[in-house]
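Peer 1: Quick one: structure below, then a few questions.
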Amino acid sequence: MTTRRTILAAALAVAVAGPALAQQNQVVRIGVSPGPHAEILEKVKPIAAKKGLDLKITEFSDYVVPNQALDAGELEANSFQNQPYLDNQVKDRGFKLVSVGLTVNFPLGIYSAKHKSWAEVPDGATIAIQNDPTNGGRSLLLLQDKGVIKLKDGVGFKPTVADIVSNPKKLKIIEIEAAQTARSLADVAAAAINTNYAVDAKIEPTSAILREDPKGPYVNLIAVRAADKDKPWVKALLESYHTPEIKAFVAERFKGSVLAGW
């Protein structure tokens with residue numbers, strides 16, 4: 001009788017645990033850019049595991065492939081971009097991707113390996129910015145906000161170099177891939193570098209000679225395929241990210257160079 005009871009108890013335990021174990025085995029593949037996005041999601045990973053998610057984090061060195069991979073079904077989510085960039089990708093490439101929640105904000109900076117302040121940058125100097133419309137436009141808006149250039153009225157969030165109507169210092173503004181901006185510092189007077197690439201290149205974000213105010217639409221987000229946005233794992237992922245533990249980690253690890261956006 002004791003043996004029969006033991007077997008029945010064990011069978012009941014397996015039956016009860018079965019759904020939980022199946023949920024714990026659910027793999028969620030997430031594409032990220034190197035640096036803070038990857039670090040933060042590594043901290044999210046054990047929290048998500050308690051909610052039944054097995055996060056598989058893959059780093060991408062550019063801003064194009066993560067959305068391509070997500071749209072193609074090679075990922076379940078990505079965490080690397082802001083809303084203007086996602087909107088541009090959806091419009092230009094036809095991706096069926098949506099934002100499901102906010103993550104962190106990376107105030108954009110202009111950095112220099114040759115000059116300690118913007119005042120030291122000489123007339124006619126070469127400045128590198130990103131060659132994608134959203135990040136390049138963001139850099140031009142930063143330069144305008146700091147009084148360096150003036151753009152045409154009504155350019156929105158994606159101005160181009162052709163929209164510059166005043167350039168008193170006669171700066172030569174060149175466009176390169178966002179992932180290469182940190183490497184360009186040896187060859188240019190200054191470069192606009194997204195914080196994740198600055199951190200990845202061991203550049204202190206607070207060393208920027210011009211820095212964006214932490215405002216506007218540039219809080220980063222988690223994107224998924226539109227067909228997946230209401231699935232339970234999406235809710236579990238966001239709940240795992242939007243925790244006091246992650247907010248405290250961001251504040252302590254990045255000392256204000258990365259800001260919690262939720």
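Starting from 1 in every chain, residues are counted up; chains themselves are A, B, ... following the order of the structure tokens, and ligands are numbered from 1 as listed.
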Find the residues of stretch 45-150 of chain A that sit at most 8 Å from stretch 164-174 of chain A; for each, write down the nearest two atoms and how far apart they are in Å, to one decimal. Count only C-alpha atoms. Sort by chain, then by number going up, and give it as a tab-separated table.

Peer 2:
residue	atom	partner	partner_atom	distance
A:Pro122	CA	A:Lys169	CA	7.6
A:Asp123	CA	A:Lys169	CA	4.6
A:Gly124	CA	A:Leu171	CA	4.5
A:Ala125	CA	A:Leu171	CA	5.2
A:Thr126	CA	A:Lys172	CA	4.6
A:Ile127	CA	A:Ile173	CA	4.8
A:Ala128	CA	A:Ile174	CA	4.9
A:Ile129	CA	A:Ile174	CA	6.2
A:Val148	CA	A:Asn167	CA	6.9
A:Ile149	CA	A:Asn167	CA	4.8
A:Lys150	CA	A:Ser166	CA	4.9

Peer 1: Restricted to N, CA and C atoms, what would the selected residues look like written as a PDB file, in the first residue's frame?

Peer 2:
ATOM      1  N   PRO A 122      38.349  73.011 -34.242  1.00  0.00           N
ATOM      2  CA  PRO A 122      38.623  74.138 -35.151  1.00  0.00           C
ATOM      3  C   PRO A 122      37.608  74.256 -36.279  1.00  0.00           C
ATOM      4  N   ASP A 123      37.568  75.422 -36.883  1.00  0.00           N
ATOM      5  CA  ASP A 123      36.744  75.618 -38.074  1.00  0.00           C
ATOM      6  C   ASP A 123      37.203  74.654 -39.168  1.00  0.00           C
ATOM      7  N   GLY A 124      36.268  74.158 -39.936  1.00  0.00           N
ATOM      8  CA  GLY A 124      36.597  73.259 -41.034  1.00  0.00           C
ATOM      9  C   GLY A 124      36.878  71.831 -40.622  1.00  0.00           C
ATOM     10  N   ALA A 125      36.702  71.513 -39.349  1.00  0.00           N
ATOM     11  CA  ALA A 125      36.990  70.164 -38.857  1.00  0.00           C
ATOM     12  C   ALA A 125      35.998  69.150 -39.428  1.00  0.00           C
ATOM     13  N   THR A 126      36.424  67.889 -39.457  1.00  0.00           N
ATOM     14  CA  THR A 126      35.566  66.806 -39.932  1.00  0.00           C
ATOM     15  C   THR A 126      34.856  66.155 -38.752  1.00  0.00           C
ATOM     16  N   ILE A 127      33.539  66.043 -38.861  1.00  0.00           N
ATOM     17  CA  ILE A 127      32.721  65.434 -37.825  1.00  0.00           C
ATOM     18  C   ILE A 127      32.004  64.234 -38.434  1.00  0.00           C
ATOM     19  N   ALA A 128      32.101  63.084 -37.792  1.00  0.00           N
ATOM     20  CA  ALA A 128      31.432  61.877 -38.289  1.00  0.00           C
ATOM     21  C   ALA A 128      30.090  61.695 -37.582  1.00  0.00           C
ATOM     22  N   ILE A 129      29.067  61.377 -38.376  1.00  0.00           N
ATOM     23  CA  ILE A 129      27.771  61.015 -37.813  1.00  0.00           C
ATOM     24  C   ILE A 129      27.324  59.693 -38.437  1.00  0.00           C
ATOM     25  N   VAL A 148      25.430  74.594 -33.010  1.00  0.00           N
ATOM     26  CA  VAL A 148      26.542  74.370 -33.939  1.00  0.00           C
ATOM     27  C   VAL A 148      26.108  74.593 -35.384  1.00  0.00           C
ATOM     28  N   ILE A 149      24.920  74.111 -35.730  1.00  0.00           N
ATOM     29  CA  ILE A 149      24.380  74.265 -37.078  1.00  0.00           C
ATOM     30  C   ILE A 149      22.922  74.710 -36.971  1.00  0.00           C
ATOM     31  N   LYS A 150      22.347  75.046 -38.117  1.00  0.00           N
ATOM     32  CA  LYS A 150      20.905  75.305 -38.180  1.00  0.00           C
ATOM     33  C   LYS A 150      20.328  74.494 -39.329  1.00  0.00           C
TER      34      LYS A 150
END

Peer 1: Quick one: residues within 12 Å of A:Lys152, only C-alpha atoms, excluding same-chain residues fewer than 3 positions away - as a VMD selection string?

Peer 2: chain A and resid 140 to 141 144 149 155 to 167

Peer 1: Please produce an output containing C-alpha atoms for each residue in the selection, written as a PDB file, in the first residue's frame.

Peer 2:
ATOM      1  CA  LEU A 140      22.160  66.688 -36.576  1.00  0.00           C
ATOM      2  CA  LEU A 141      19.359  67.682 -34.191  1.00  0.00           C
ATOM      3  CA  GLN A 144      21.421  72.200 -33.862  1.00  0.00           C
ATOM      4  CA  ILE A 149      24.380  74.265 -37.078  1.00  0.00           C
ATOM      5  CA  VAL A 155      12.555  68.576 -40.936  1.00  0.00           C
ATOM      6  CA  GLY A 156      11.145  66.371 -38.171  1.00  0.00           C
ATOM      7  CA  PHE A 157      13.236  63.602 -36.620  1.00  0.00           C
ATOM      8  CA  LYS A 158      15.164  62.612 -39.754  1.00  0.00           C
ATOM      9  CA  PRO A 159      17.015  65.618 -41.145  1.00  0.00           C
ATOM     10  CA  THR A 160      19.933  65.006 -43.494  1.00  0.00           C
ATOM     11  CA  VAL A 161      23.146  66.886 -44.162  1.00  0.00           C
ATOM     12  CA  ALA A 162      21.351  68.470 -47.131  1.00  0.00           C
ATOM     13  CA  ASP A 163      18.954  70.129 -44.660  1.00  0.00           C
ATOM     14  CA  ILE A 164      21.719  72.221 -43.054  1.00  0.00           C
ATOM     15  CA  VAL A 165      21.080  75.901 -43.805  1.00  0.00           C
ATOM     16  CA  SER A 166      23.743  77.397 -41.534  1.00  0.00           C
ATOM     17  CA  ASN A 167      27.160  75.986 -40.634  1.00  0.00           C
TER      18      ASN A 167
END

Peer 1: Go through A:Val250, A:Ile209, A:Val224, A:Ala178 and flag the residue nearest A:Ala77, using only C-alpha atoms for the distances.

Peer 2: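 Using only C-alpha atoms, the shortest distance to A:Ala77 belongs to A:Val224.
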
Peer 1: Do you have the atom CA of A:Lys43-atom CA of A:Gln89 distance handy?

Peer 2: 28.2 Å

Peer 1: Tell me which protein, DNA and RNA residues are within 8 Å of A:Ala113, counting only C-alpha atoms, leaving out same-chain ones fewer than 6 positions away, and put them as a list in words.

Peer 2: Leu185, Ala186, Ala189 and Ala190 of chain A

Peer 1: Write a file of the selected residues as a CSV table (one decimal), in the first residue's frame, keeping N, CA and C atoms.

Peer 2:
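As a result, out.csv now contains:
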chain,number,residue,atom,x,y,z
A,185,LEU,N,37.3,57.8,-34.4
A,185,LEU,CA,37.8,58.9,-33.6
A,185,LEU,C,39.3,59.2,-33.9
A,186,ALA,N,40.0,58.3,-34.4
A,186,ALA,CA,41.4,58.5,-34.7
A,186,ALA,C,41.6,59.3,-36.0
A,189,ALA,N,37.9,64.9,-36.2
A,189,ALA,CA,38.0,65.8,-35.0
A,189,ALA,C,37.0,65.4,-33.9
A,190,ALA,N,35.8,64.9,-34.3
A,190,ALA,CA,34.8,64.4,-33.4
A,190,ALA,C,33.8,63.5,-34.1

Peer 1: Which residues are near A:Ala208? Cut-off 9 Å, only C-alpha atoms, ignore same chain within fewer than 2 positions. Put them as a ChimeraX atom specification.

Peer 2: /A:108-112,116-117,204-206,210-211

Peer 1: Would you please work out which residue, of A:Val100, A:Ile40, A:Val199, A:Ile57, is nearest to A:Trp233 when using only C-alpha atoms?

Peer 2: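 Looking only at the distances to A:Trp233, the closest residue turns out to be A:Val100.
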
Peer 1: For atom CA of A:Ser79 and atom CA of A:Leu221, quote the distance in Å rounded to one decimal.

Peer 2: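 Atom CA of A:Leu221 lies at a distance of 6.0 Å from atom CA of A:Ser79.
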
Peer 1: Can you work out which one of A:Ala49, A:Leu142, A:Ala223, A:Val121 has the shortest atom-to-atom distance to A:Ala69, counting only C-alpha atoms?

Peer 2: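 Looking at the shortest contact to A:Ala69, the residue is A:Ala223.
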
Peer 1: Of the candidates A:Tyr241, A:Phe106, A:Phe249, A:Trp118, which one gets nearest to A:Glu212 if we count only C-alpha atoms?

Peer 2: A:Phe106

Peer 1: Would you mind telling me which residue in A:Leu259, A:Ile176, A:Val98, A:Val27 lies nearest to A:Ala48 when using only C-alpha atoms?

Peer 2: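 The answer is A:Val27, which sits nearest to A:Ala48.
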
Peer 1: I'd like the interatomic distance between atom CA of A:Ala192 and atom CA of A:Gln68, to a tenth of an Å.

Peer 2: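 Pair atom CA of A:Ala192 / atom CA of A:Gln68 returns 24.7 Å.
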
Peer 1: With only C-alpha atoms as the counted atoms, please give the residues lying no more than 12 Å from A:Val65, apart from itself and same-chain residues fewer than 4 positions off, as a ChimeraX atom specification.

Peer 2: /A:31-33,58-61,69-72,74-75,78,80-81,89,93

Peer 1: Keeping only N, CA and C atoms, write the selected residues as a PDB file, in the first residue's frame.

Peer 2:
ATOM      1  N   GLY A  31      17.629  39.510 -29.976  1.00  0.00           N
ATOM      2  CA  GLY A  31      18.775  40.162 -30.596  1.00  0.00           C
ATOM      3  C   GLY A  31      19.050  41.501 -29.936  1.00  0.00           C
ATOM      4  N   VAL A  32      20.312  41.768 -29.651  1.00  0.00           N
ATOM      5  CA  VAL A  32      20.703  43.017 -28.995  1.00  0.00           C
ATOM      6  C   VAL A  32      21.942  43.586 -29.669  1.00  0.00           C
ATOM      7  N   SER A  33      22.197  44.866 -29.423  1.00  0.00           N
ATOM      8  CA  SER A  33      23.478  45.454 -29.807  1.00  0.00           C
ATOM      9  C   SER A  33      24.441  45.280 -28.641  1.00  0.00           C
ATOM     10  N   THR A  58      21.545  37.127 -28.404  1.00  0.00           N
ATOM     11  CA  THR A  58      22.499  37.174 -29.512  1.00  0.00           C
ATOM     12  C   THR A  58      22.862  38.619 -29.803  1.00  0.00           C
ATOM     13  N   GLU A  59      24.161  38.916 -29.866  1.00  0.00           N
ATOM     14  CA  GLU A  59      24.614  40.276 -30.151  1.00  0.00           C
ATOM     15  C   GLU A  59      24.808  40.473 -31.658  1.00  0.00           C
ATOM     16  N   PHE A  60      24.406  41.657 -32.119  1.00  0.00           N
ATOM     17  CA  PHE A  60      24.583  42.046 -33.520  1.00  0.00           C
ATOM     18  C   PHE A  60      25.397  43.333 -33.558  1.00  0.00           C
ATOM     19  N   SER A  61      26.294  43.430 -34.516  1.00  0.00           N
ATOM     20  CA  SER A  61      27.217  44.565 -34.555  1.00  0.00           C
ATOM     21  C   SER A  61      26.701  45.739 -35.373  1.00  0.00           C
ATOM     22  N   ALA A  69      16.344  39.809 -38.882  1.00  0.00           N
ATOM     23  CA  ALA A  69      16.266  38.488 -38.254  1.00  0.00           C
ATOM     24  C   ALA A  69      14.947  38.301 -37.513  1.00  0.00           C
ATOM     25  N   LEU A  70      14.480  39.354 -36.859  1.00  0.00           N
ATOM     26  CA  LEU A  70      13.205  39.271 -36.146  1.00  0.00           C
ATOM     27  C   LEU A  70      12.050  39.079 -37.123  1.00  0.00           C
ATOM     28  N   ASP A  71      12.031  39.862 -38.170  1.00  0.00           N
ATOM     29  CA  ASP A  71      10.952  39.766 -39.154  1.00  0.00           C
ATOM     30  C   ASP A  71      10.945  38.402 -39.841  1.00  0.00           C
ATOM     31  N   ALA A  72      12.138  37.813 -40.011  1.00  0.00           N
ATOM     32  CA  ALA A  72      12.257  36.520 -40.684  1.00  0.00           C
ATOM     33  C   ALA A  72      11.954  35.339 -39.772  1.00  0.00           C
ATOM     34  N   GLU A  74      13.808  34.463 -37.119  1.00  0.00           N
ATOM     35  CA  GLU A  74      15.024  33.915 -36.531  1.00  0.00           C
ATOM     36  C   GLU A  74      15.208  34.364 -35.086  1.00  0.00           C
ATOM     37  N   LEU A  75      14.435  35.352 -34.666  1.00  0.00           N
ATOM     38  CA  LEU A  75      14.401  35.836 -33.292  1.00  0.00           C
ATOM     39  C   LEU A  75      12.940  35.965 -32.874  1.00  0.00           C
ATOM     40  N   ASN A  78      13.736  41.784 -30.183  1.00  0.00           N
ATOM     41  CA  ASN A  78      15.035  42.459 -30.147  1.00  0.00           C
ATOM     42  C   ASN A  78      14.960  43.665 -29.228  1.00  0.00           C
ATOM     43  N   PHE A  80      17.270  47.094 -29.035  1.00  0.00           N
ATOM     44  CA  PHE A  80      18.431  47.879 -29.467  1.00  0.00           C
ATOM     45  C   PHE A  80      18.061  49.240 -30.043  1.00  0.00           C
ATOM     46  N   GLN A  81      16.776  49.523 -30.277  1.00  0.00           N
ATOM     47  CA  GLN A  81      16.386  50.667 -31.097  1.00  0.00           C
ATOM     48  C   GLN A  81      15.336  51.529 -30.401  1.00  0.00           C
ATOM     49  N   GLN A  89      12.245  51.801 -40.195  1.00  0.00           N
ATOM     50  CA  GLN A  89      12.479  50.457 -40.719  1.00  0.00           C
ATOM     51  C   GLN A  89      11.182  49.819 -41.225  1.00  0.00           C
ATOM     52  N   ARG A  93      11.178  49.109 -45.117  1.00  0.00           N
ATOM     53  CA  ARG A  93      11.453  47.697 -45.403  1.00  0.00           C
ATOM     54  C   ARG A  93      10.220  46.797 -45.306  1.00  0.00           C
TER      55      ARG A  93
END

Peer 1: For stretch 84-88 of chain A, list every protein, DNA or RNA residue within 10 Å, evaluated using only C-alpha atoms, and leave out those in the same chain fewer than 2 positions away; present the list as a VMD selection string.

Peer 2: chain A and resid 63 67 80 to 82 90 to 95 97 to 99 132 to 135 138 157 to 158 217 to 221 223

Peer 1: Mind checking which residues fall within 10 Å of A:Leu41, counting only C-alpha atoms, ignoring those fewer than 3 positions away in the same chain, and posting them as a list in words?

Peer 2: Ile30, Val32, Pro36, His37, Ala38, Val44, Lys45, Pro46, Ile47, Ala48, Leu55, Lys56, Ile57, Ser79, Ser240, Tyr241 and Ile246 of chain A

Peer 1: Enumerate as a short mmCIF file (atom, residue, chain, number, x, y, z; two decimals) with N, CA and C atoms, in the first residue's frame all residues of stretch 8-249 of chain A assigned to alpha helix (DSSP H) by DSSP on the backbone, naming them with the chain letters and numbers the document uses.

Peer 2:
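Resulting contents of selection_24.cif:
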data_model
loop_
_atom_site.label_atom_id
_atom_site.label_comp_id
_atom_site.auth_asym_id
_atom_site.auth_seq_id
_atom_site.Cartn_x
_atom_site.Cartn_y
_atom_site.Cartn_z
N LEU A 8 1.64 6.84 -6.70
CA LEU A 8 0.58 7.79 -7.02
C LEU A 8 0.99 9.22 -6.73
N ALA A 9 1.68 9.42 -5.60
CA ALA A 9 2.15 10.76 -5.24
C ALA A 9 3.15 11.28 -6.25
N ALA A 10 4.05 10.40 -6.68
CA ALA A 10 5.06 10.80 -7.66
C ALA A 10 4.41 11.15 -8.99
N ALA A 11 3.42 10.34 -9.39
CA ALA A 11 2.72 10.61 -10.64
C ALA A 11 1.98 11.94 -10.59
N LEU A 12 1.35 12.21 -9.43
CA LEU A 12 0.64 13.48 -9.26
C LEU A 12 1.61 14.65 -9.33
N ALA A 13 2.79 14.50 -8.71
CA ALA A 13 3.80 15.57 -8.73
C ALA A 13 4.25 15.87 -10.14
N VAL A 14 4.45 14.82 -10.93
CA VAL A 14 4.87 15.01 -12.32
C VAL A 14 3.78 15.70 -13.12
N ALA A 15 2.52 15.28 -12.88
CA ALA A 15 1.40 15.89 -13.60
C ALA A 15 1.27 17.36 -13.29
N VAL A 16 1.46 17.72 -12.01
CA VAL A 16 1.36 19.12 -11.61
C VAL A 16 2.52 19.92 -12.15
N ALA A 17 3.72 19.34 -12.10
CA ALA A 17 4.93 20.06 -12.53
C ALA A 17 5.04 20.15 -14.04
N GLY A 18 4.36 19.24 -14.75
CA GLY A 18 4.52 19.18 -16.20
C GLY A 18 4.33 20.49 -16.91
N PRO A 19 3.20 21.20 -16.72
CA PRO A 19 3.01 22.48 -17.41
C PRO A 19 4.06 23.51 -17.05
N ALA A 20 4.46 23.54 -15.76
CA ALA A 20 5.48 24.52 -15.34
C ALA A 20 6.80 24.24 -16.03
N LEU A 21 7.16 22.92 -16.10
CA LEU A 21 8.42 22.58 -16.74
C LEU A 21 8.38 22.93 -18.22
N ALA A 22 7.24 22.70 -18.85
CA ALA A 22 7.13 23.04 -20.27
C ALA A 22 7.29 24.53 -20.48
N GLN A 23 6.70 25.31 -19.55
CA GLN A 23 6.81 26.76 -19.67
C GLN A 23 8.25 27.21 -19.47
N GLN A 24 8.94 26.59 -18.51
CA GLN A 24 10.32 26.97 -18.24
C GLN A 24 11.22 26.69 -19.44
N PRO A 36 25.48 48.02 -23.22
CA PRO A 36 24.44 48.05 -22.19
C PRO A 36 23.23 47.17 -22.46
N HIS A 37 22.73 47.15 -23.69
CA HIS A 37 21.56 46.31 -23.97
C HIS A 37 21.84 44.85 -23.61
N ALA A 38 23.01 44.36 -24.00
CA ALA A 38 23.37 42.98 -23.71
C ALA A 38 23.55 42.77 -22.20
N GLU A 39 24.25 43.69 -21.55
CA GLU A 39 24.48 43.57 -20.11
C GLU A 39 23.17 43.55 -19.33
N ILE A 40 22.27 44.44 -19.69
CA ILE A 40 21.00 44.52 -18.96
C ILE A 40 20.19 43.24 -19.14
N LEU A 41 20.15 42.72 -20.36
CA LEU A 41 19.36 41.51 -20.59
C LEU A 41 19.98 40.29 -19.91
N GLU A 42 21.29 40.29 -19.71
CA GLU A 42 21.89 39.20 -18.93
C GLU A 42 21.38 39.24 -17.49
N LYS A 43 21.12 40.43 -16.98
CA LYS A 43 20.55 40.56 -15.63
C LYS A 43 19.07 40.21 -15.61
N VAL A 44 18.39 40.46 -16.73
CA VAL A 44 16.97 40.10 -16.84
C VAL A 44 16.80 38.58 -16.91
N LYS A 45 17.78 37.91 -17.47
CA LYS A 45 17.68 36.48 -17.77
C LYS A 45 17.24 35.62 -16.58
N PRO A 46 17.89 35.72 -15.40
CA PRO A 46 17.45 34.88 -14.28
C PRO A 46 16.07 35.26 -13.75
N ILE A 47 15.70 36.52 -13.88
CA ILE A 47 14.35 36.94 -13.46
C ILE A 47 13.32 36.32 -14.39
N ALA A 48 13.62 36.35 -15.68
CA ALA A 48 12.71 35.77 -16.67
C ALA A 48 12.60 34.25 -16.50
N ALA A 49 13.70 33.62 -16.08
CA ALA A 49 13.67 32.16 -15.89
C ALA A 49 12.63 31.77 -14.85
N VAL A 65 20.58 44.18 -39.18
CA VAL A 65 20.30 42.74 -39.11
C VAL A 65 19.31 42.36 -38.01
N PRO A 66 19.34 42.99 -36.82
CA PRO A 66 18.39 42.54 -35.78
C PRO A 66 16.92 42.61 -36.20
N ASN A 67 16.54 43.63 -36.96
CA ASN A 67 15.15 43.70 -37.43
C ASN A 67 14.89 42.71 -38.56
N GLN A 68 15.88 42.52 -39.42
CA GLN A 68 15.73 41.53 -40.48
C GLN A 68 15.52 40.14 -39.88
N ALA A 69 16.34 39.81 -38.88
CA ALA A 69 16.27 38.49 -38.25
C ALA A 69 14.95 38.30 -37.51
N LEU A 70 14.48 39.35 -36.86
CA LEU A 70 13.20 39.27 -36.15
C LEU A 70 12.05 39.08 -37.12
N ASP A 71 12.03 39.86 -38.17
CA ASP A 71 10.95 39.77 -39.15
C ASP A 71 10.95 38.40 -39.84
N GLN A 83 11.86 54.36 -31.06
CA GLN A 83 10.65 54.35 -31.89
C GLN A 83 10.85 54.99 -33.27
N PRO A 84 11.53 56.15 -33.37
CA PRO A 84 11.73 56.70 -34.71
C PRO A 84 12.48 55.76 -35.65
N TYR A 85 13.48 55.04 -35.10
CA TYR A 85 14.23 54.11 -35.94
C TYR A 85 13.34 52.95 -36.38
N LEU A 86 12.57 52.39 -35.44
CA LEU A 86 11.67 51.30 -35.78
C LEU A 86 10.64 51.74 -36.81
N ASP A 87 10.07 52.93 -36.62
CA ASP A 87 9.09 53.44 -37.58
C ASP A 87 9.69 53.54 -38.98
N ASN A 88 10.93 54.01 -39.05
CA ASN A 88 11.60 54.15 -40.34
C ASN A 88 11.83 52.79 -40.99
N GLN A 89 12.24 51.80 -40.20
CA GLN A 89 12.48 50.46 -40.72
C GLN A 89 11.18 49.82 -41.22
N VAL A 90 10.12 50.00 -40.47
CA VAL A 90 8.82 49.44 -40.87
C VAL A 90 8.36 50.08 -42.18
N LYS A 91 8.53 51.39 -42.29
CA LYS A 91 8.10 52.10 -43.49
C LYS A 91 8.94 51.73 -44.71
N ASP A 92 10.26 51.70 -44.53
CA ASP A 92 11.16 51.49 -45.67
C ASP A 92 11.29 50.03 -46.08
N ARG A 93 11.18 49.11 -45.12
CA ARG A 93 11.45 47.70 -45.40
C ARG A 93 10.22 46.80 -45.31
N PRO A 133 19.17 57.10 -41.38
CA PRO A 133 18.38 58.34 -41.27
C PRO A 133 18.01 58.72 -39.84
N THR A 134 17.68 57.74 -39.01
CA THR A 134 17.21 58.06 -37.66
C THR A 134 18.35 58.54 -36.78
N ASN A 135 19.44 57.78 -36.71
CA ASN A 135 20.55 58.16 -35.84
C ASN A 135 21.33 59.34 -36.39
N GLY A 136 21.52 59.38 -37.72
CA GLY A 136 22.18 60.54 -38.31
C GLY A 136 21.37 61.80 -38.09
N GLY A 137 20.06 61.68 -38.28
CA GLY A 137 19.18 62.83 -38.04
C GLY A 137 19.22 63.27 -36.59
N ARG A 138 19.25 62.31 -35.70
CA ARG A 138 19.34 62.62 -34.27
C ARG A 138 20.61 63.40 -33.96
N SER A 139 21.72 63.02 -34.58
CA SER A 139 22.99 63.72 -34.36
C SER A 139 22.93 65.15 -34.88
N LEU A 140 22.31 65.33 -36.04
CA LEU A 140 22.16 66.69 -36.58
C LEU A 140 21.27 67.54 -35.67
N LEU A 141 20.23 66.94 -35.12
CA LEU A 141 19.36 67.68 -34.19
C LEU A 141 20.12 68.06 -32.92
N LEU A 142 21.03 67.18 -32.48
CA LEU A 142 21.87 67.51 -31.32
C LEU A 142 22.76 68.70 -31.65
N LEU A 143 23.39 68.68 -32.81
CA LEU A 143 24.26 69.79 -33.21
C LEU A 143 23.47 71.09 -33.32
N GLN A 144 22.25 71.00 -33.80
CA GLN A 144 21.42 72.20 -33.86
C GLN A 144 21.04 72.67 -32.46
N ASP A 145 20.68 71.74 -31.60
CA ASP A 145 20.28 72.08 -30.23
C ASP A 145 21.40 72.80 -29.49
N THR A 195 25.46 55.57 -27.31
CA THR A 195 26.04 55.18 -26.03
C THR A 195 26.42 53.71 -25.99
N ASN A 196 25.61 52.83 -26.57
CA ASN A 196 25.96 51.41 -26.52
C ASN A 196 27.28 51.14 -27.21
N TYR A 197 27.57 51.84 -28.32
CA TYR A 197 28.84 51.65 -29.01
C TYR A 197 29.98 52.32 -28.25
N ALA A 198 29.70 53.43 -27.58
CA ALA A 198 30.72 54.08 -26.76
C ALA A 198 31.14 53.16 -25.62
N VAL A 199 30.16 52.59 -24.92
CA VAL A 199 30.46 51.68 -23.81
C VAL A 199 31.22 50.47 -24.31
N ASP A 200 30.81 49.92 -25.44
CA ASP A 200 31.48 48.75 -25.99
C ASP A 200 32.92 49.05 -26.36
N PRO A 232 1.55 35.42 -24.13
CA PRO A 232 1.91 35.47 -22.70
C PRO A 232 3.40 35.69 -22.45
N TRP A 233 4.27 35.14 -23.31
CA TRP A 233 5.70 35.29 -23.07
C TRP A 233 6.14 36.74 -23.19
N VAL A 234 5.45 37.53 -24.01
CA VAL A 234 5.79 38.95 -24.15
C VAL A 234 5.53 39.67 -22.84
N LYS A 235 4.37 39.40 -22.24
CA LYS A 235 4.04 40.01 -20.95
C LYS A 235 5.06 39.60 -19.89
N ALA A 236 5.44 38.31 -19.88
CA ALA A 236 6.41 37.83 -18.91
C ALA A 236 7.78 38.49 -19.11
N LEU A 237 8.17 38.69 -20.36
CA LEU A 237 9.45 39.33 -20.65
C LEU A 237 9.46 40.77 -20.13
N LEU A 238 8.40 41.51 -20.41
CA LEU A 238 8.33 42.90 -19.95
C LEU A 238 8.29 42.99 -18.43
N GLU A 239 7.55 42.11 -17.80
CA GLU A 239 7.50 42.11 -16.34
C GLU A 239 8.88 41.81 -15.75
N SER A 240 9.65 40.98 -16.42
CA SER A 240 10.99 40.65 -15.95
C SER A 240 11.94 41.82 -16.09
N TYR A 241 11.75 42.59 -17.15
CA TYR A 241 12.60 43.76 -17.40
C TYR A 241 12.22 44.92 -16.49
N PRO A 244 12.26 46.56 -10.06
CA PRO A 244 13.16 47.40 -9.27
C PRO A 244 14.61 46.94 -9.35
N GLU A 245 14.82 45.62 -9.46
CA GLU A 245 16.19 45.10 -9.54
C GLU A 245 16.91 45.61 -10.78
N ILE A 246 16.22 45.60 -11.92
CA ILE A 246 16.84 46.06 -13.16
C ILE A 246 17.04 47.57 -13.13
N LYS A 247 16.09 48.29 -12.60
CA LYS A 247 16.23 49.75 -12.50
C LYS A 247 17.43 50.11 -11.63
N ALA A 248 17.61 49.39 -10.52
CA ALA A 248 18.74 49.64 -9.63
C ALA A 248 20.06 49.28 -10.31
N PHE A 249 20.07 48.18 -11.08
CA PHE A 249 21.28 47.79 -11.80
C PHE A 249 21.68 48.85 -12.80
#

Peer 1: So, with only C-alpha atoms as the atoms that count, which of A:Ile222, A:Leu151, A:Ala179, A:Ala260 lies closest to A:Val64?

Peer 2: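 Using only C-alpha atoms, the shortest distance to A:Val64 belongs to A:Ala179.
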